$ cat entry.pdb   # PDB, C-alpha atoms
ATOM      1  CA  MET X1026      40.329  66.769  73.334
ATOM      2  CA  LEU X1027      43.148  66.367  75.830
ATOM      3  CA  VAL X1028      45.583  63.429  75.731
ATOM      4  CA  LEU X1029      48.452  62.846  78.196
ATOM      5  CA  HIS X1030      51.593  60.970  77.108
ATOM      6  CA  THR X1031      54.565  59.621  79.050
ATOM      7  CA  CYS X1032      56.594  58.857  75.881
ATOM      8  CA  ALA X1033      57.860  55.772  77.708
ATOM      9  CA  GLY X1034      55.638  53.190  76.029
ATOM     10  CA  GLY X1035      51.941  52.589  76.396
ATOM     11  CA  GLN X1036      48.959  54.433  75.019
ATOM     12  CA  GLY X1037      48.169  58.041  75.823
ATOM     13  CA  ILE X1038      45.566  58.853  78.464
ATOM     14  CA  THR X1039      42.516  60.732  77.217
ATOM     15  CA  VAL X1040      41.159  63.193  79.766
ATOM     16  CA  ASP X1041      37.367  63.002  79.832
ATOM     17  CA  ASN X1042      36.768  65.239  82.831
ATOM     18  CA  PRO X1043      39.404  67.946  83.444
ATOM     19  CA  ASP X1044      37.892  68.796  86.836
ATOM     20  CA  THR X1045      38.853  65.404  88.293
ATOM     21  CA  ALA X1046      41.974  64.678  86.229
ATOM     22  CA  VAL X1047      45.407  64.441  87.840
ATOM     23  CA  LEU X1048      48.666  65.268  86.080
ATOM     24  CA  THR X1049      51.275  62.747  87.255
ATOM     25  CA  PRO X1050      55.022  63.558  87.175
ATOM     26  CA  ASP X1051      55.727  61.021  84.409
ATOM     27  CA  ILE X1052      53.559  62.917  81.893
ATOM     28  CA  VAL X1053      55.938  64.783  79.554
ATOM     29  CA  TRP X1054      53.642  65.594  76.617
ATOM     30  CA  ILE X1055      50.149  67.045  76.725
ATOM     31  CA  ASP X1056      48.405  67.087  73.357
ATOM     32  CA  MET X1057      45.511  69.539  73.013
ATOM     33  CA  LEU X1058      43.221  69.189  69.995
ATOM     34  CA  ALA X1059      40.567  71.930  69.710
ATOM     35  CA  ALA X1060      40.608  72.116  73.507
ATOM     36  CA  THR X1061      37.653  73.423  75.503
ATOM     37  CA  HIS X1062      37.894  76.231  78.055
ATOM     38  CA  GLU X1063      37.842  73.659  80.870
ATOM     39  CA  GLU X1064      40.729  71.718  79.323
ATOM     40  CA  ILE X1065      42.738  74.901  78.805
ATOM     41  CA  ALA X1066      42.163  75.916  82.424
ATOM     42  CA  PHE X1067      43.287  72.462  83.607
ATOM     43  CA  VAL X1068      46.523  72.573  81.618
ATOM     44  CA  GLU X1069      47.374  76.105  82.715
ATOM     45  CA  ARG X1070      46.628  75.257  86.342
ATOM     46  CA  GLU X1071      48.603  72.012  86.437
ATOM     47  CA  THR X1072      51.617  73.025  84.343
ATOM     48  CA  GLY X1073      51.938  76.750  84.959
ATOM     49  CA  LEU X1074      52.226  77.230  81.190
ATOM     50  CA  LYS X1075      50.101  79.642  79.201
ATOM     51  CA  VAL X1076      48.008  78.181  76.371
ATOM     52  CA  PRO X1077      47.973  80.583  73.386
ATOM     53  CA  SER X1078      44.784  81.063  71.409
ATOM     54  CA  LYS X1079      44.410  80.267  67.735
ATOM     55  CA  GLU X1080      44.634  83.966  66.925
ATOM     56  CA  ASP X1081      47.928  84.227  68.834
ATOM     57  CA  LEU X1082      49.355  81.223  67.005
ATOM     58  CA  SER X1083      48.312  82.655  63.632
ATOM     59  CA  GLU X1084      50.534  85.716  63.997
ATOM     60  CA  ILE X1085      53.252  85.872  61.348
ATOM     61  CA  GLU X1086      55.835  88.016  63.180
ATOM     62  CA  SER X1087      58.846  86.098  64.450
ATOM     63  CA  SER X1088      58.467  87.759  67.855
ATOM     64  CA  SER X1089      54.952  86.329  68.111
ATOM     65  CA  ARG X1090      55.882  82.861  66.903
ATOM     66  CA  LEU X1091      58.997  82.465  69.055
ATOM     67  CA  TYR X1092      59.286  83.944  72.516
ATOM     68  CA  THR X1093      60.255  83.085  76.093
ATOM     69  CA  GLU X1094      58.154  83.747  79.159
ATOM     70  CA  ASN X1095      58.881  82.680  82.757
ATOM     71  CA  GLY X1096      61.539  80.214  81.642
ATOM     72  CA  ALA X1097      59.249  78.474  79.130
ATOM     73  CA  LEU X1098      59.557  78.548  75.344
ATOM     74  CA  TYR X1099      56.494  79.368  73.281
ATOM     75  CA  LEU X1100      56.722  78.262  69.665
ATOM     76  CA  SER X1101      54.341  78.167  66.725
ATOM     77  CA  ALA X1102      54.435  77.283  63.045
ATOM     78  CA  PRO X1103      51.904  76.675  60.260
ATOM     79  CA  ILE X1104      51.615  72.962  59.496
ATOM     80  CA  ILE X1105      50.017  71.638  56.323
ATOM     81  CA  PHE X1106      47.067  69.262  56.538
ATOM     82  CA  ARG X1107      44.655  67.619  54.072
ATOM     83  CA  ALA X1108      47.615  67.488  51.712
ATOM     84  CA  THR X1109      46.197  64.617  49.669
ATOM     85  CA  SER X1110      42.553  65.733  49.660
ATOM     86  CA  GLY X1111      42.845  68.156  46.760
ATOM     87  CA  PHE X1112      42.207  71.101  49.094
ATOM     88  CA  PRO X1113      45.418  71.455  51.144
ATOM     89  CA  GLN X1114      45.467  74.000  53.934
ATOM     90  CA  ALA X1115      47.794  75.181  56.664
ATOM     91  CA  THR X1116      46.783  75.288  60.308
ATOM     92  CA  PRO X1117      48.638  76.994  63.165
ATOM     93  CA  VAL X1118      50.256  74.634  65.658
ATOM     94  CA  GLY X1119      51.724  75.845  68.932
ATOM     95  CA  PHE X1120      54.116  74.411  71.505
ATOM     96  CA  ALA X1121      54.700  75.456  75.098
ATOM     97  CA  LEU X1122      57.915  73.887  76.338
ATOM     98  CA  ASN X1123      59.819  73.802  79.593
ATOM     99  CA  SER X1124      62.203  71.323  81.157
ATOM    100  CA  LYS X1125      59.351  69.149  82.502
ATOM    101  CA  ARG X1126      56.558  69.192  79.955
ATOM    102  CA  LEU X1127      55.591  69.898  76.375
ATOM    103  CA  VAL X1128      52.120  71.188  75.576
ATOM    104  CA  SER X1129      51.074  71.016  71.922
ATOM    105  CA  ILE X1130      48.148  73.162  70.818
ATOM    106  CA  ARG X1131      46.429  72.313  67.546
ATOM    107  CA  PHE X1132      43.020  72.678  65.969
ATOM    108  CA  GLU X1133      42.983  70.027  63.240
ATOM    109  CA  GLU X1134      43.710  66.328  62.941
ATOM    110  CA  LEU X1135      47.286  66.025  61.669
ATOM    111  CA  THR X1136      48.807  62.889  60.184
ATOM    112  CA  ALA X1137      52.207  63.646  61.740
ATOM    113  CA  PHE X1138      50.717  63.766  65.252
ATOM    114  CA  THR X1139      48.864  60.498  64.685
ATOM    115  CA  THR X1140      52.080  58.855  63.511
ATOM    116  CA  PHE X1141      54.070  60.153  66.460
ATOM    117  CA  THR X1142      51.378  59.069  68.919
ATOM    118  CA  ALA X1143      51.797  55.504  67.650
ATOM    119  CA  THR X1144      55.571  55.850  68.018
ATOM    120  CA  CYS X1145      55.184  56.999  71.621
ATOM    121  CA  ALA X1146      53.403  53.746  72.417
ATOM    122  CA  LYS X1147      56.619  51.829  71.691
ATOM    123  CA  VAL X1148      59.123  51.327  74.489
ATOM    124  CA  GLU X1149      62.270  53.481  74.181
ATOM    125  CA  ALA X1150      61.207  54.760  70.762
ATOM    126  CA  VAL X1151      61.152  58.357  72.051
ATOM    127  CA  HIS X1152      63.311  60.044  74.667
ATOM    128  CA  SER X1153      61.060  60.372  77.690
ATOM    129  CA  SER X1154      61.384  64.119  78.172
ATOM    130  CA  SER X1155      59.583  67.216  77.033
ATOM    131  CA  ALA X1156      62.383  68.087  74.614
ATOM    132  CA  GLY X1157      62.426  64.496  73.346
ATOM    133  CA  ALA X1158      58.706  64.702  72.634
ATOM    134  CA  LEU X1159      59.200  67.979  70.762
ATOM    135  CA  ALA X1160      62.052  66.534  68.695
ATOM    136  CA  GLY X1161      59.946  63.499  67.819
ATOM    137  CA  LEU X1162      56.958  65.621  66.837
ATOM    138  CA  LEU X1163      59.049  67.885  64.635
ATOM    139  CA  ASP X1164      60.706  64.874  63.053
ATOM    140  CA  ALA X1165      57.279  63.364  62.298
ATOM    141  CA  CYS X1166      56.117  66.669  60.763
ATOM    142  CA  ILE X1167      59.226  66.818  58.557
ATOM    143  CA  ASP X1168      58.746  63.205  57.476
ATOM    144  CA  ARG X1169      55.161  63.990  56.501
ATOM    145  CA  MET X1170      56.226  67.062  54.520
ATOM    146  CA  ALA X1171      58.903  65.012  52.773
ATOM    147  CA  ASP X1172      56.295  62.440  51.742
ATOM    148  CA  VAL X1173      54.039  65.166  50.354
ATOM    149  CA  LEU X1174      56.925  66.797  48.487
ATOM    150  CA  GLU X1175      57.809  63.433  46.962
ATOM    151  CA  GLN X1176      54.223  63.123  45.744
ATOM    152  CA  VAL X1177      54.363  66.649  44.318
ATOM    153  CA  GLY X1178      57.593  65.782  42.521
ATOM    154  CA  SER X1179      56.033  62.604  41.120
ATOM    155  CA  ASP X1180      52.980  64.531  39.871
ATOM    156  CA  LEU X1181      55.163  67.155  38.208
ATOM    157  CA  ASP X1182      57.245  64.444  36.534
ATOM    158  CA  ALA X1183      54.059  62.937  35.101
ATOM    159  CA  VAL X1184      52.921  66.353  33.859
ATOM    160  CA  SER X1185      56.358  66.991  32.358
ATOM    161  CA  ARG X1186      56.267  63.729  30.413
ATOM    162  CA  ARG X1187      52.812  64.580  29.123
ATOM    163  CA  ILE X1188      53.719  68.130  28.092
ATOM    164  CA  PHE X1189      57.021  67.342  26.411
ATOM    165  CA  ARG X1190      56.025  64.105  24.712
ATOM    166  CA  SER X1191      56.438  64.168  20.933
ATOM    167  CA  ASP X1192      52.750  63.822  20.065
ATOM    168  CA  VAL X1193      51.290  66.676  22.113
ATOM    169  CA  VAL X1194      51.003  68.915  19.052
ATOM    170  CA  LYS X1195      50.160  66.959  15.928
ATOM    171  CA  PRO X1196      50.224  69.102  12.756
ATOM    172  CA  GLY X1197      47.777  66.767  11.042
ATOM    173  CA  HIS X1198      45.224  67.046  13.855
ATOM    174  CA  ARG X1199      44.936  70.765  14.384
ATOM    175  CA  ILE X1200      41.210  70.657  13.763
ATOM    176  CA  LYS X1201      40.895  68.769  17.105
ATOM    177  CA  PHE X1202      42.004  71.814  19.014
ATOM    178  CA  THR X1203      39.040  71.747  21.394
ATOM    179  CA  VAL X1204      40.111  68.347  22.743
ATOM    180  CA  GLU X1205      43.736  69.417  23.184
ATOM    181  CA  ASP X1206      42.605  72.711  24.669
ATOM    182  CA  ALA X1207      40.556  70.954  27.337
ATOM    183  CA  ASP X1208      43.524  68.704  28.138
ATOM    184  CA  LEU X1209      45.879  71.660  28.474
ATOM    185  CA  ARG X1210      43.443  73.444  30.775
ATOM    186  CA  ALA X1211      43.382  70.358  32.998
ATOM    187  CA  THR X1212      47.175  70.330  32.912
ATOM    188  CA  LEU X1213      47.259  73.963  34.000
ATOM    189  CA  ARG X1214      45.013  73.190  36.957
ATOM    190  CA  ARG X1215      47.175  70.215  37.916
ATOM    191  CA  ILE X1216      50.340  72.305  37.834
ATOM    192  CA  GLY X1217      48.628  75.051  39.827
ATOM    193  CA  ARG X1218      47.572  72.603  42.550
ATOM    194  CA  ALA X1219      51.116  71.258  42.767
ATOM    195  CA  GLY X1220      52.505  74.781  43.048
ATOM    196  CA  ASP X1221      49.989  75.701  45.739
ATOM    197  CA  LEU X1222      50.833  72.578  47.731
ATOM    198  CA  ALA X1223      54.574  73.244  47.440
ATOM    199  CA  SER X1224      53.999  76.819  48.615
ATOM    200  CA  LEU X1225      52.125  75.653  51.713
ATOM    201  CA  ILE X1226      54.883  73.184  52.514
ATOM    202  CA  ARG X1227      57.464  75.929  52.144
ATOM    203  CA  ASP X1228      55.605  78.006  54.759
ATOM    204  CA  SER X1229      55.616  75.009  57.098
ATOM    205  CA  LEU X1230      59.325  74.400  56.516
ATOM    206  CA  LEU X1231      60.139  78.041  57.203
ATOM    207  CA  GLY X1232      58.219  77.872  60.480
ATOM    208  CA  VAL X1233      59.923  74.689  61.654
ATOM    209  CA  GLY X1234      63.275  75.951  60.365
ATOM    210  CA  ARG X1235      63.053  78.986  62.646
ATOM    211  CA  LEU X1236      61.772  76.962  65.566
ATOM    212  CA  VAL X1237      64.595  74.415  65.863
ATOM    213  CA  PRO X1238      67.574  76.833  66.229
ATOM    214  CA  TYR X1239      65.568  78.819  68.762
ATOM    215  CA  VAL X1240      65.097  75.744  70.949
ATOM    216  CA  LEU X1241      68.729  74.668  70.562
ATOM    217  CA  HIS X1242      69.935  78.093  71.635
ATOM    218  CA  LEU X1243      67.599  78.919  74.518
ATOM    219  CA  ALA X1244      67.000  75.433  75.938
ATOM    220  CA  GLY X1245      70.669  74.509  75.931
ATOM    221  CA  SER X1246      70.980  74.535  79.733
ATOM    222  CA  TRP X1247      68.337  71.832  80.288
ATOM    223  CA  LEU X1248      68.215  70.118  76.899
ATOM    224  CA  PRO X1249      69.056  66.385  77.308
ATOM    225  CA  PRO X1250      72.270  65.414  75.470
ATOM    226  CA  GLU X1251      70.422  62.612  73.675
ATOM    227  CA  VAL X1252      67.895  65.059  72.188
ATOM    228  CA  ARG X1253      70.293  67.626  70.738
ATOM    229  CA  PRO X1254      71.459  65.387  67.842
ATOM    230  CA  ARG X1255      67.835  64.712  66.895
ATOM    231  CA  LEU X1256      67.089  68.429  66.735
ATOM    232  CA  GLU X1257      70.235  68.970  64.682
ATOM    233  CA  ALA X1258      69.067  66.243  62.322
ATOM    234  CA  VAL X1259      65.684  67.969  62.018
ATOM    235  CA  ARG X1260      67.445  71.217  61.132
ATOM    236  CA  THR X1261      69.482  69.431  58.453
ATOM    237  CA  ASP X1262      66.350  67.797  57.050
ATOM    238  CA  VAL X1263      64.596  71.166  56.880
ATOM    239  CA  ALA X1264      67.495  72.632  54.906
ATOM    240  CA  SER X1265      67.510  69.735  52.432
ATOM    241  CA  LEU X1266      63.728  69.876  51.971
ATOM    242  CA  ASN X1267      63.928  73.626  51.386
ATOM    243  CA  ASP X1268      66.382  72.977  48.555
ATOM    244  CA  TYR X1269      64.120  70.313  47.077
ATOM    245  CA  GLU X1270      61.075  72.569  47.378
ATOM    246  CA  SER X1271      62.961  75.337  45.543
ATOM    247  CA  HIS X1272      63.690  72.837  42.769
ATOM    248  CA  LEU X1273      60.001  71.918  42.561
ATOM    249  CA  THR X1274      58.980  75.589  42.497
ATOM    250  CA  ALA X1275      61.315  76.191  39.556
ATOM    251  CA  LYS X1276      59.853  73.140  37.822
ATOM    252  CA  VAL X1277      56.319  74.423  38.379
ATOM    253  CA  SER X1278      57.313  77.711  36.731
ATOM    254  CA  LEU X1279      58.871  75.863  33.776
ATOM    255  CA  LEU X1280      55.823  73.654  33.265
ATOM    256  CA  LEU X1281      53.453  76.619  33.502
ATOM    257  CA  ASP X1282      55.435  78.476  30.837
ATOM    258  CA  ALA X1283      55.575  75.367  28.641
ATOM    259  CA  THR X1284      51.834  74.733  28.952
ATOM    260  CA  LEU X1285      50.968  78.334  28.149
ATOM    261  CA  GLY X1286      53.365  78.139  25.189
ATOM    262  CA  LEU X1287      51.593  75.049  23.882
ATOM    263  CA  ILE X1288      48.234  76.776  24.233
ATOM    264  CA  ASN X1289      49.584  79.707  22.212
ATOM    265  CA  VAL X1290      50.874  77.312  19.555
ATOM    266  CA  GLU X1291      47.483  75.633  19.286
ATOM    267  CA  GLN X1292      45.748  78.999  19.037
ATOM    268  CA  ASN X1293      48.183  80.096  16.337
ATOM    269  CA  ASN X1294      47.421  76.910  14.414
ATOM    270  CA  ILE X1295      43.719  77.708  14.498
ATOM    271  CA  PHE X1296      44.343  81.276  13.349
ATOM    272  CA  LYS X1297      46.556  79.922  10.552
ATOM    273  CA  VAL X1298      43.785  77.630   9.327
ATOM    274  CA  LEU X1299      41.255  80.456   9.430
ATOM    275  CA  THR X1300      43.648  82.771   7.582
ATOM    276  CA  ILE X1301      44.292  80.191   4.849
ATOM    277  CA  VAL X1302      40.560  79.579   4.436
ATOM    278  CA  SER X1303      39.877  83.286   4.119
ATOM    279  CA  VAL X1304      42.728  83.831   1.616
ATOM    280  CA  VAL X1305      41.655  80.836  -0.500
ATOM    281  CA  GLY X1306      38.068  82.064  -0.549
ATOM    282  CA  ILE X1307      38.778  85.651  -1.630
ATOM    283  CA  PRO X1308      39.737  85.103  -5.346
ATOM    284  CA  PRO X1309      36.763  82.798  -6.131
ATOM    285  CA  THR X1310      34.465  85.278  -4.432
ATOM    286  CA  LEU X1311      35.928  88.112  -6.522
ATOM    287  CA  ILE X1312      35.469  86.184  -9.780
ATOM    288  CA  ALA X1313      31.948  85.072  -8.899
ATOM    289  CA  SER X1314      30.938  88.609  -7.953
ATOM    290  CA  MET X1315      32.460  90.016 -11.168
ATOM    291  CA  TYR X1316      30.519  87.630 -13.390
ATOM    292  CA  GLY X1317      27.420  88.092 -11.320
ATOM    293  CA  MET X1318      27.074  91.779 -12.267
ATOM    294  CA  ASN X1319      24.978  90.921 -15.392
ATOM    295  CA  PHE X1320      25.934  93.959 -17.447
ATOM    296  CA  HIS X1321      24.445  93.891 -20.989
ATOM    297  CA  ASP X1322      27.774  94.289 -22.805
ATOM    298  CA  MET X1323      29.659  91.528 -21.000
ATOM    299  CA  PRO X1324      31.068  89.350 -23.857
ATOM    300  CA  GLU X1325      31.119  86.194 -21.740
ATOM    301  CA  LEU X1326      27.303  86.216 -21.538
ATOM    302  CA  SER X1327      27.066  85.039 -25.125
ATOM    303  CA  TRP X1328      29.801  82.430 -24.921
ATOM    304  CA  THR X1329      28.806  78.798 -25.265
ATOM    305  CA  TRP X1330      31.574  77.808 -22.805
ATOM    306  CA  GLY X1331      31.121  80.858 -20.573
ATOM    307  CA  TYR X1332      29.783  78.913 -17.622
ATOM    308  CA  PRO X1333      32.584  76.297 -17.653
ATOM    309  CA  TRP X1334      35.028  79.177 -18.138
ATOM    310  CA  GLY X1335      33.772  80.862 -14.968
ATOM    311  CA  LEU X1336      33.856  77.644 -12.975
ATOM    312  CA  GLY X1337      37.403  76.967 -14.192
ATOM    313  CA  LEU X1338      38.576  80.429 -13.131
ATOM    314  CA  ILE X1339      37.005  79.929  -9.721
ATOM    315  CA  ALA X1340      38.716  76.535  -9.306
ATOM    316  CA  VAL X1341      42.119  77.853 -10.463
ATOM    317  CA  SER X1342      41.875  80.905  -8.210
ATOM    318  CA  ALA X1343      41.159  78.632  -5.225
ATOM    319  CA  ILE X1344      43.851  76.044  -6.014
ATOM    320  CA  ALA X1345      46.621  78.580  -6.762
ATOM    321  CA  PRO X1346      46.852  80.000  -3.194
ATOM    322  CA  ILE X1347      46.826  76.490  -1.728
ATOM    323  CA  ALA X1348      49.649  75.438  -4.038
ATOM    324  CA  TRP X1349      51.576  78.572  -3.091
ATOM    325  CA  PHE X1350      51.175  77.881   0.633
ATOM    326  CA  LYS X1351      52.311  74.290   0.107
ATOM    327  CA  LEU X1352      55.319  75.463  -1.876
ATOM    328  CA  ARG X1353      56.305  77.855   0.901
ATOM    329  CA  GLY X1354      55.852  75.140   3.545
ATOM    330  CA  TRP X1355      53.183  77.065   5.445
ATOM    331  CA  ILE X1356      50.728  74.160   5.427
TER     332      ILE X1356
END
$ encode --input "entry.pdb" --output "structure tokens"
Amino acid sequence: MLVLHTCAGGQGITVDNPDTAVLTPDIVWIDMLAATHEEIAFVERETGLKVPSKEDLSEIESSSRLYTENGALYLSAPIIFRATSGFPQATPVGFALNSKRLVSIRFEELTAFTTFTATCAKVEAVHSSSAGALAGLLDACIDRMADVLEQVGSDLDAVSRRIFRSDVVKPGHRIKFTVEDADLRATLRRIGRAGDLASLIRDSLLGVGRLVPYVLHLAGSWLPPEVRPRLEAVRTDVASLNDYESHLTAKVSLLLDATLGLINVEQNNIFKVLTIVSVVGIPPTLIASMYGMNFHDMPELSWTWGYPWGLGLIAVSAIAPIAWFKLRGWI
């Protein structure tokens, strides 16, 4: 899909047939979404800019993500999408920028682009220049990442309250370990998803963080004065979000350690119960096996109270370890 924007108010123009389309001088932003070969050929012919492929945009070297060719800047960064779907991913997004036009190359529907498209329809909401369109797009991407990070922080706060609440481990309910165990496994998955999402956002922030200084430095000769402060603001926002993301990453690590610690505590409680049961059962078993040998000269065989005597020994031998454990505070 190919959409042309003036960034001076009004809706974008969707190009249905690239062979008959005309690129007017007031078009400053060309948005390409999973463009066809015909649409790519039209953009390259009308703008003189090269349209990188998805493989080119996926390169991780700085020299491949940021470079200049024939006076135009070619930029790319991974941008997160499907952040709230439970299966967040990053998709490469590219920009070809010169003093007249901005060409954005993407392969997925992105919330930030949808938001900025609506902003472009408002009069004087965006500086009507290629650099103004780029600044607005980057600002929309940063706003979207900030919203997602806020959601991640809220989720981690909820997990933290659940993990560190006073009734997570109840000594009197250790037998219900299977229920707690299932809950802790769900907590682990929730923390893992939050950490994965924060990691993807960090990659996006790193990409945008490298992109902005590059534009400020190399486009300085034709960058409109009104756009420079917006790009500076984007750079400041990226730095602040990086700090916040580092805080969330540290919190993810803390919550993972705490959850694993609670799982170990629950497992230790189970092993303690099993150990106590085995220790309590050993003396009665020894007594019962001793009196079960049925030797002819065993004096207790002829006792009238022999049977109650054996039962009493078994009961005392079972109660004594329990009393000892209680006295020591082990149960």
$ atom_distance --input "entry.pdb" --atom1 "atom CA of X:Leu1338" --atom2 "atom CA of X:Pro1309"
7.6 Å
$ atom_distance --input "entry.pdb" --atom1 "atom CA of X:Leu1280" --atom2 "atom CA of X:Val1177"
13.2 Å
$ residues_around --input "entry.pdb" --residues "X:Ala1102" --least-positions-apart "6" --cutoff "8 Å" --atoms "all atoms listed in the file" --output "PyMOL selection string"
chain X and resi 1082+1090+1117-1119+1229+1232-1233+1236
$ residues_around --input "entry.pdb" --residues "X:Ala1143" --least-positions-apart "6" --cutoff "10 Å" --atoms "only C-alpha atoms" --output "count of residues only"
5
$ resolve_selection --input "entry.pdb" --expression "the PyMOL selection byres ((chain X and resi 1105) around 7)" --output "PyMOL selection string"
chain X and resi 1103-1104+1106+1108+1113-1116+1225-1226+1229
$ residues_around --input "entry.pdb" --residues "stretch 1155-1165 of chain X" --least-positions-apart "3" --cutoff "8 Å" --atoms "all atoms listed in the file" --output "list in words"
Cys1032, Val1053, Trp1054, Leu1122, Asn1123, Ser1124, Lys1125, Arg1126, Leu1127, Ala1137, Phe1138, Thr1140, Phe1141, Val1151, His1152, Asp1168, Arg1169, Val1233, Leu1248, Pro1249, Val1252, Arg1255, Leu1256 and Val1259 of chain X
$ write_last_selection --input "entry.pdb" --atoms "C-alpha atoms" --output "short mmCIF file (atom, residue, chain, number, x, y, z; two decimals), in the coordinates of the input"
data_model
loop_
_atom_site.label_atom_id
_atom_site.label_comp_id
_atom_site.auth_asym_id
_atom_site.auth_seq_id
_atom_site.Cartn_x
_atom_site.Cartn_y
_atom_site.Cartn_z
CA CYS X 1032 56.59 58.86 75.88
CA VAL X 1053 55.94 64.78 79.55
CA TRP X 1054 53.64 65.59 76.62
CA LEU X 1122 57.92 73.89 76.34
CA ASN X 1123 59.82 73.80 79.59
CA SER X 1124 62.20 71.32 81.16
CA LYS X 1125 59.35 69.15 82.50
CA ARG X 1126 56.56 69.19 79.96
CA LEU X 1127 55.59 69.90 76.38
CA ALA X 1137 52.21 63.65 61.74
CA PHE X 1138 50.72 63.77 65.25
CA THR X 1140 52.08 58.86 63.51
CA PHE X 1141 54.07 60.15 66.46
CA VAL X 1151 61.15 58.36 72.05
CA HIS X 1152 63.31 60.04 74.67
CA ASP X 1168 58.75 63.20 57.48
CA ARG X 1169 55.16 63.99 56.50
CA VAL X 1233 59.92 74.69 61.65
CA LEU X 1248 68.22 70.12 76.90
CA PRO X 1249 69.06 66.39 77.31
CA VAL X 1252 67.90 65.06 72.19
CA ARG X 1255 67.83 64.71 66.90
CA LEU X 1256 67.09 68.43 66.74
CA VAL X 1259 65.68 67.97 62.02
#
$ resolve_selection --input "entry.pdb" --expression "the PyMOL selection byres ((chain X and resi 1223) around 12)" --output "PyMOL selection string"
chain X and resi 1105+1108+1113-1115+1170-1178+1180-1181+1216-1222+1224-1230+1266-1278
$ resolve_selection --input "entry.pdb" --expression "the PyMOL selection byres ((chain X and resi 1065-1076) around 8)" --output "JSON, numbers by chain"
{"X": [1043, 1044, 1048, 1060, 1061, 1062, 1063, 1064, 1077, 1078, 1097, 1121, 1126, 1130]}
$ axis_aligned_box --input "entry.pdb" --around "stretch 1258-1276 of chain X" --padding-each-side "6 Å" --output "AutoDock Vina command-line options"
--center_x 64.2 --center_y 71.2 --center_z 50.1 --size_x 22.5 --size_y 21.9 --size_z 36.5
$ atom_distance --input "entry.pdb" --atom1 "atom CA of X:His1030" --atom2 "atom CA of X:Ile1052"
5.5 Å
$ residues_near_point --input "entry.pdb" --point "(48.8, 84.9, 4.7)" --cutoff "12 Å" --atoms "all atoms listed in the file" --output "compact mmCIF listing (two decimals) with C-alpha atoms, in the frame of the given file"
# COMPACT_ATOMS: atom_id res chain seq x y z
CA PHE X 1296 44.34 81.28 13.35
CA LYS X 1297 46.56 79.92 10.55
CA VAL X 1298 43.78 77.63 9.33
CA LEU X 1299 41.26 80.46 9.43
CA THR X 1300 43.65 82.77 7.58
CA ILE X 1301 44.29 80.19 4.85
CA VAL X 1302 40.56 79.58 4.44
CA SER X 1303 39.88 83.29 4.12
CA VAL X 1304 42.73 83.83 1.62
CA VAL X 1305 41.66 80.84 -0.50
CA ILE X 1307 38.78 85.65 -1.63
CA PRO X 1346 46.85 80.00 -3.19
CA ILE X 1347 46.83 76.49 -1.73
CA TRP X 1349 51.58 78.57 -3.09
CA PHE X 1350 51.18 77.88 0.63
CA ARG X 1353 56.30 77.86 0.90
CA TRP X 1355 53.18 77.06 5.44
CA ILE X 1356 50.73 74.16 5.43
$ closest_residue --input "entry.pdb" --among "X:Leu1279, X:Leu1336, X:Ser1110, X:Ile1167" --to "X:Arg1260" --atoms "only C-alpha atoms"
X:Ile1167
$ closest_residue --input "entry.pdb" --among "X:Met1323, X:Val1341, X:Thr1093, X:Leu1209" --to "X:Asn1289" --atoms "all atoms listed in the file"
X:Leu1209
$ decode --input "entry.pdb" --residues "stretch 1284-1293 of chain X" --atoms "N, CA and C atoms" --output "mmCIF file, in the first residue's frame"
data_model
loop_
_atom_site.group_PDB
_atom_site.id
_atom_site.type_symbol
_atom_site.label_atom_id
_atom_site.label_comp_id
_atom_site.auth_asym_id
_atom_site.auth_seq_id
_atom_site.Cartn_x
_atom_site.Cartn_y
_atom_site.Cartn_z
ATOM 1 N N THR X 1284 10.681 -15.024 42.874
ATOM 2 C CA THR X 1284 9.753 -16.109 42.555
ATOM 3 C C THR X 1284 10.440 -17.467 42.648
ATOM 4 N N LEU X 1285 11.647 -17.550 42.107
ATOM 5 C CA LEU X 1285 12.392 -18.807 42.206
ATOM 6 C C LEU X 1285 12.707 -19.140 43.659
ATOM 7 N N GLY X 1286 12.981 -18.105 44.476
ATOM 8 C CA GLY X 1286 13.220 -18.325 45.897
ATOM 9 C C GLY X 1286 11.989 -18.876 46.599
ATOM 10 N N LEU X 1287 10.820 -18.332 46.246
ATOM 11 C CA LEU X 1287 9.582 -18.839 46.843
ATOM 12 C C LEU X 1287 9.305 -20.285 46.430
ATOM 13 N N ILE X 1288 9.606 -20.604 45.183
ATOM 14 C CA ILE X 1288 9.436 -21.988 44.733
ATOM 15 C C ILE X 1288 10.346 -22.919 45.522
ATOM 16 N N ASN X 1289 11.594 -22.481 45.759
ATOM 17 C CA ASN X 1289 12.514 -23.294 46.555
ATOM 18 C C ASN X 1289 12.015 -23.462 47.983
ATOM 19 N N VAL X 1290 11.445 -22.388 48.548
ATOM 20 C CA VAL X 1290 10.909 -22.476 49.904
ATOM 21 C C VAL X 1290 9.771 -23.483 49.967
ATOM 22 N N GLU X 1291 8.868 -23.424 48.983
ATOM 23 C CA GLU X 1291 7.757 -24.364 48.960
ATOM 24 C C GLU X 1291 8.243 -25.799 48.808
ATOM 25 N N GLN X 1292 9.246 -26.000 47.951
ATOM 26 C CA GLN X 1292 9.796 -27.342 47.787
ATOM 27 C C GLN X 1292 10.445 -27.827 49.076
ATOM 28 N N ASN X 1293 11.163 -26.938 49.746
ATOM 29 C CA ASN X 1293 11.780 -27.306 51.025
ATOM 30 C C ASN X 1293 10.727 -27.677 52.056
#
